[in-house]
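Trainee: What follows is a single structure, and I will ask about it in a moment.
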Amino acid sequence: MNKMKKIGLSALAGSLVAFSANAEITMSGGASVGVSSSNETRASAYYMGDSINFTLSGETDSGLTITQKIELEGGVDNQSTAIAGDFGTLTYHKHGGDSVMSGWDDKTPNAYEESWVLATVDSTTTVSANDEVVMINGRAGDALWRYDSPTISGVSVHASYVQAAAAASENDHGDIGSYTDFGVQIAPEMVEGLTIGYATAEVEESTTVSNDESTLWITYTNGPISVGYQTSEVDGQNTTQDDEATLMSISYAVTDDLSISYGTAEVDLGSSTTDQESKGISASYTMGGVSISIAMNSTDNAGGNTGTTYDVEGYDLNVAFAF
């Protein structure tokens with residue numbers, strides 16, 4: 001029995017050596033320090049980020065490219081395996097995957113952060129999920145499959161899927177059914193700088209709530225100026241479950257190193273007569289491997305609620321190092 005174990009280990013070692021000869025291993029990393037506050041009633045807090053990314057990529061005899069990615073950030077963070085060929089790329093995200101809708105929740109340009117993030121309701125207040133800042137963004141998370149097609153004449157298609165068991169285990173959602181979405185992106189060859197995208201998703205939140213989500217966005221870049229417009233909506237079983245979001249932004253590359261942006265986001269919630277309104281300004285400066293970024297955002301009527309508790313401001317100042 002011991003002899004059989006030795007033979008098995010030797011065969012395994014040989015296969016690993018054979019594979020490594022046809023594979024490429026790369027490592028990259030980054031670190032950052034910053035200070036932020038997500039509500040003007042709270043004290044600012046310092047934070048740090050550090051990550052090391054390992055990528056193992058190789059090609060099979062049949063011409064498929066296999067890429068394994070692992071990010072270490074205080075432990076194993078994002079983790080995925082991608083299979084690429086003439087058909088496109090099929091990726092399984094064990095952890096930290098973006099669906100089409102979540103990756104396209106805000107495609108309007110910004111220098112650092114989206115206008116509706118950073119600001120949150122004071123944690124000392126008793127709040128529910130509907131009291132926080134709301135955005136239409138499908139689903140994302142673990143055990144997610146995603147397909148991205150090749151781009152042909154400026155057109156590409158995308159789709160993602162999370163099976164019911166994985167969707168139900170997500171702490172933020174607890175959906176009872178599987179999640180699927182589909183999107184198409186068009187960059188017309190005859191109009192340089194123009195990109196249009198559309199995505200749709202089906203979310204089964206409970207036995208009585210099954211919503212259809214969709215988003216349509218358009219961006220245009222001409223020289224140093226980029227502008228974007230996006231509209232998203234949720235179509236539920238009744239008007240109280242119908243939501244609609246409108247996002248707009250403009251960014252300007254002052255120099256090759258300095259960019260600034262301004263954006264707005266308005267969400268019309270079917271469950272409220274008051275719209276949630278967000279706005280934000282961002283700036284970033286890059287020199288060598290160092291980036292300095294700042295964002296200042298505010299949201300009024302978070303979750304469609306009125307009162308000073310739901311009018312919040314936040315900021316983030318970050319210094320990042322790439323290596």
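Residues are named by chain letter and number: chains run A, B, ... in the order of the structure tokens, numbers start at 1 in each chain, and ligands are numbered from 1 in the order shown.
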Write out as a VMD selection string which residues come within 7 Å of Tyr285 of chain A when counting only C-alpha atoms, dropping same-chain ones fewer than 5 positions away.

Mentor: chain A and resid 257 to 259 291 to 293

Trainee: Running DSSP on the backbone, which parts of segment 68-233 of chain A land in helix (DSSP H, G or I), as a ChimeraX atom specification?

Mentor: /A:100-103,129-131,164-169

Trainee: Compare A:Ala111, A:Ile52, A:Ala119, A:Ile225 by their minimum atom-to-atom distance to Glu277 of chain A, counting only C-alpha atoms, and give me the closest one.

Mentor: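 So, comparing all the options, the nearest one is A:Ala119.
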
Trainee: Can you list, as a PyMOL selection string, every protein, DNA or RNA residue that comes within 10 Å of Gly223 of chain A when you count only C-alpha atoms, leaving out same-chain residues fewer than 2 positions away?

Mentor: chain A and resi 193+220-221+225-226+252-253

Trainee: Give me the residues near Gly49 of chain A as JSON, numbers by chain, where near means some atom within 7 Å (using only C-alpha atoms) and where sequence neighbours in that chain fewer than 4 positions away do not count.

Mentor: {"A": [31, 32, 33]}

Trainee: Per residue of segment 182-241 of chain A within 7 Å of segment 128-150 of chain A, note the shortest atom pair and the distance in Å to one decimal, counting only C-alpha atoms, and order the rows by chain and increasing residue number, as a Markdown table.

Mentor:
```
| residue | atom | partner | partner_atom | distance |
| --- | --- | --- | --- | --- |
| A:Ala201 | CA | A:Gly138 | CA | 6.7 |
| A:Glu213 | CA | A:Gly138 | CA | 6.9 |
| A:Ser232 | CA | A:Ile136 | CA | 6.6 |
| A:Glu233 | CA | A:Ile136 | CA | 6.9 |
```

Trainee: In Å, rounded to a single decimal, give me how far atom CA of Thr299 of chain A is from atom CA of Thr215 of chain A.

Mentor: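 Atom-to-atom, atom CA of Thr215 of chain A and atom CA of Thr299 of chain A are spaced 21.2 Å apart.
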
Trainee: Would you mind listing, for every residue of segment 35-110 of chain A within 9 Å of segment 157-166 of chain A, the two atoms forming the shortest contact and the distance between them in Å to one decimal, using only C-alpha atoms, sorted by chain and ascending residue number, as CSV?

Mentor:
```
residue,atom,partner,partner_atom,distance
A:Asp98,CA,A:Ser160,CA,8.5
A:Ser99,CA,A:Ser160,CA,5.5
A:Val100,CA,A:Ala159,CA,6.3
A:Met101,CA,A:Ser160,CA,8.9
```

Trainee: Just write the chosen residues, N, CA and C atoms, as a PDB file, in the first residue's frame.

Mentor:
```pdb
ATOM      1  N   ASP A  98     -18.523  39.318 -10.763  1.00  0.00           N
ATOM      2  CA  ASP A  98     -19.479  40.331 -11.205  1.00  0.00           C
ATOM      3  C   ASP A  98     -20.386  39.740 -12.276  1.00  0.00           C
ATOM      4  N   SER A  99     -21.694  39.875 -12.086  1.00  0.00           N
ATOM      5  CA  SER A  99     -22.622  39.528 -13.162  1.00  0.00           C
ATOM      6  C   SER A  99     -22.614  40.663 -14.179  1.00  0.00           C
ATOM      7  N   VAL A 100     -23.362  40.497 -15.259  1.00  0.00           N
ATOM      8  CA  VAL A 100     -23.434  41.562 -16.265  1.00  0.00           C
ATOM      9  C   VAL A 100     -24.086  42.800 -15.664  1.00  0.00           C
ATOM     10  N   MET A 101     -25.214  42.635 -14.985  1.00  0.00           N
ATOM     11  CA  MET A 101     -25.921  43.762 -14.395  1.00  0.00           C
ATOM     12  C   MET A 101     -25.106  44.458 -13.312  1.00  0.00           C
TER      13      MET A 101
END
```

Trainee: Give me, please, the distance in Å between atom CA of Asn53 of chain A and atom CA of Ser38 of chain A, quoted to one decimal.

Mentor: 28.2 Å

Trainee: Looking at A:Asn39, A:Ser153, A:Ser298, A:Thr246, which one is nearest to Gly280 of chain A, with distances taken over only C-alpha atoms?

Mentor: A:Ser298

Trainee: Could you tell me how far atom CA of Ala23 of chain A sits from atom CA of Thr81 of chain A, in Å to one decimal place?

Mentor: 14.2 Å

Trainee: Could you write out, as number ranges by chain, all the residues of segment 48-294 of chain A that DSSP marks as strand (DSSP E or B)?

Mentor: A: 48-59, 65-72, 76-85, 88-95, 97-98, 140-141, 144-148, 152, 155-162, 179-186, 194-204, 210-222, 225-235, 243-253, 258-269, 276-287, 290-294

Trainee: Selection from above, C-alpha atoms, as a compact mmCIF listing (two decimals), in the first residue's frame, can you write it?

Mentor:
```txt
# COMPACT_ATOMS: atom_id res chain seq x y z
CA MET A 48 -5.48 50.38 4.31
CA GLY A 49 -5.69 48.00 1.40
CA ASP A 50 -3.16 45.45 0.27
CA SER A 51 -3.44 42.71 -2.29
CA ILE A 52 -1.26 40.26 -4.16
CA ASN A 53 -2.61 38.77 -7.37
CA PHE A 54 -1.40 35.44 -8.71
CA THR A 55 -2.21 34.46 -12.29
CA LEU A 56 -1.49 31.02 -13.74
CA SER A 57 -2.13 30.80 -17.49
CA GLY A 58 -1.47 28.05 -19.99
CA GLU A 59 -2.70 26.59 -23.26
CA THR A 65 -6.31 29.08 -22.84
CA ILE A 66 -6.90 28.34 -19.15
CA THR A 67 -6.36 31.16 -16.64
CA GLN A 68 -6.49 30.71 -12.89
CA LYS A 69 -6.55 33.87 -10.75
CA ILE A 70 -6.26 34.19 -6.99
CA GLU A 71 -6.16 37.43 -5.03
CA LEU A 72 -4.75 37.46 -1.51
CA VAL A 76 -7.95 34.36 -0.17
CA ASP A 77 -10.22 36.95 -1.78
CA ASN A 78 -11.28 36.96 -5.46
CA GLN A 79 -10.79 33.58 -7.12
CA SER A 80 -11.68 32.47 -10.65
CA THR A 81 -10.95 30.06 -13.48
CA ALA A 82 -11.41 31.16 -17.10
CA ILE A 83 -11.55 29.04 -20.26
CA ALA A 84 -10.92 31.06 -23.43
CA GLY A 85 -10.99 30.15 -27.11
CA GLY A 88 -15.07 33.67 -26.23
CA THR A 89 -14.38 33.35 -22.51
CA LEU A 90 -16.27 31.26 -19.95
CA THR A 91 -15.36 32.11 -16.35
CA TYR A 92 -16.32 30.47 -13.08
CA HIS A 93 -15.98 32.87 -10.14
CA LYS A 94 -15.58 30.87 -6.96
CA HIS A 95 -15.52 34.16 -5.06
CA GLY A 97 -17.65 37.55 -9.37
CA ASP A 98 -19.48 40.33 -11.20
CA ALA A 140 -23.11 39.43 -7.81
CA GLY A 141 -21.07 37.20 -5.55
CA LEU A 144 -21.07 32.71 -10.48
CA TRP A 145 -20.66 31.67 -14.11
CA ARG A 146 -20.08 34.36 -16.74
CA TYR A 147 -19.69 34.24 -20.50
CA ASP A 148 -18.12 37.03 -22.61
CA ILE A 152 -17.19 41.25 -33.81
CA VAL A 155 -20.50 44.03 -30.94
CA SER A 156 -20.12 41.65 -27.99
CA VAL A 157 -22.62 39.64 -25.92
CA HIS A 158 -22.41 38.72 -22.24
CA ALA A 159 -24.33 36.49 -19.84
CA SER A 160 -24.07 35.26 -16.26
CA TYR A 161 -25.75 32.64 -14.07
CA VAL A 162 -25.97 31.78 -10.37
CA TYR A 179 -30.27 34.27 -11.18
CA THR A 180 -29.61 34.91 -14.86
CA ASP A 181 -28.84 38.00 -16.90
CA PHE A 182 -27.86 38.87 -20.46
CA GLY A 183 -26.26 41.91 -22.06
CA VAL A 184 -25.01 43.27 -25.36
CA GLN A 185 -22.44 46.00 -25.90
CA ILE A 186 -22.00 47.94 -29.15
CA LEU A 194 -19.32 55.91 -28.75
CA THR A 195 -20.37 52.84 -26.71
CA ILE A 196 -23.89 51.59 -26.03
CA GLY A 197 -24.91 48.77 -23.71
CA TYR A 198 -28.12 47.01 -22.67
CA ALA A 199 -28.65 44.27 -20.07
CA THR A 200 -31.63 42.48 -18.58
CA ALA A 201 -31.96 40.17 -15.56
CA GLU A 202 -34.52 38.08 -13.71
CA VAL A 203 -34.45 38.06 -9.90
CA GLU A 204 -36.71 35.72 -7.88
CA SER A 210 -40.08 37.99 -8.97
CA ASN A 211 -38.64 41.11 -10.58
CA ASP A 212 -37.30 41.88 -14.03
CA GLU A 213 -34.38 44.31 -14.06
CA SER A 214 -32.86 46.12 -17.03
CA THR A 215 -30.36 48.86 -17.81
CA LEU A 216 -29.47 50.91 -20.88
CA TRP A 217 -26.35 53.07 -21.02
CA ILE A 218 -24.48 55.20 -23.49
CA THR A 219 -21.05 56.81 -23.19
CA TYR A 220 -19.15 59.05 -25.56
CA THR A 221 -15.52 60.20 -25.45
CA ASN A 222 -14.12 63.00 -27.55
CA ILE A 225 -14.01 64.82 -22.35
CA SER A 226 -16.21 61.79 -21.59
CA VAL A 227 -19.96 61.92 -20.94
CA GLY A 228 -22.41 59.21 -19.97
CA TYR A 229 -26.14 58.64 -19.52
CA GLN A 230 -27.80 55.55 -18.06
CA THR A 231 -31.31 54.49 -17.16
CA SER A 232 -32.20 51.36 -15.18
CA GLU A 233 -35.50 49.95 -14.00
CA VAL A 234 -37.10 47.20 -11.94
CA ASP A 235 -40.44 45.80 -13.11
CA ASP A 243 -38.19 51.39 -9.46
CA GLU A 244 -36.36 53.55 -11.99
CA ALA A 245 -32.88 55.09 -11.85
CA THR A 246 -31.32 57.82 -14.00
CA LEU A 247 -27.56 58.47 -13.95
CA MET A 248 -25.50 61.14 -15.70
CA SER A 249 -21.87 62.20 -15.46
CA ILE A 250 -19.05 64.03 -17.20
CA SER A 251 -15.31 63.59 -16.76
CA TYR A 252 -12.43 65.70 -18.01
CA ALA A 253 -8.80 64.64 -18.41
CA LEU A 258 -5.01 64.49 -13.73
CA SER A 259 -8.74 63.77 -14.20
CA ILE A 260 -11.88 65.23 -12.61
CA SER A 261 -15.55 64.23 -12.84
CA TYR A 262 -19.04 65.16 -11.68
CA GLY A 263 -22.04 62.84 -11.61
CA THR A 264 -25.65 62.55 -10.47
CA ALA A 265 -27.95 59.60 -9.75
CA GLU A 266 -31.69 59.78 -9.12
CA VAL A 267 -33.81 56.79 -8.09
CA ASP A 268 -37.61 56.90 -8.34
CA LEU A 269 -38.81 54.22 -5.92
CA GLN A 276 -33.51 59.40 -3.76
CA GLU A 277 -31.02 61.93 -5.18
CA SER A 278 -27.22 61.58 -5.21
CA LYS A 279 -24.40 63.71 -6.56
CA GLY A 280 -20.64 63.50 -6.36
CA ILE A 281 -17.35 64.93 -7.54
CA SER A 282 -14.13 62.94 -7.97
CA ALA A 283 -10.54 63.66 -8.90
CA SER A 284 -7.46 61.50 -9.41
CA TYR A 285 -3.79 62.21 -10.04
CA THR A 286 -1.28 59.56 -11.11
CA MET A 287 2.47 59.87 -11.17
CA VAL A 290 1.45 56.37 -7.20
CA SER A 291 -2.20 57.47 -7.50
CA ILE A 292 -3.91 60.05 -5.31
CA SER A 293 -7.72 60.02 -5.51
CA ILE A 294 -10.50 61.85 -3.75
```
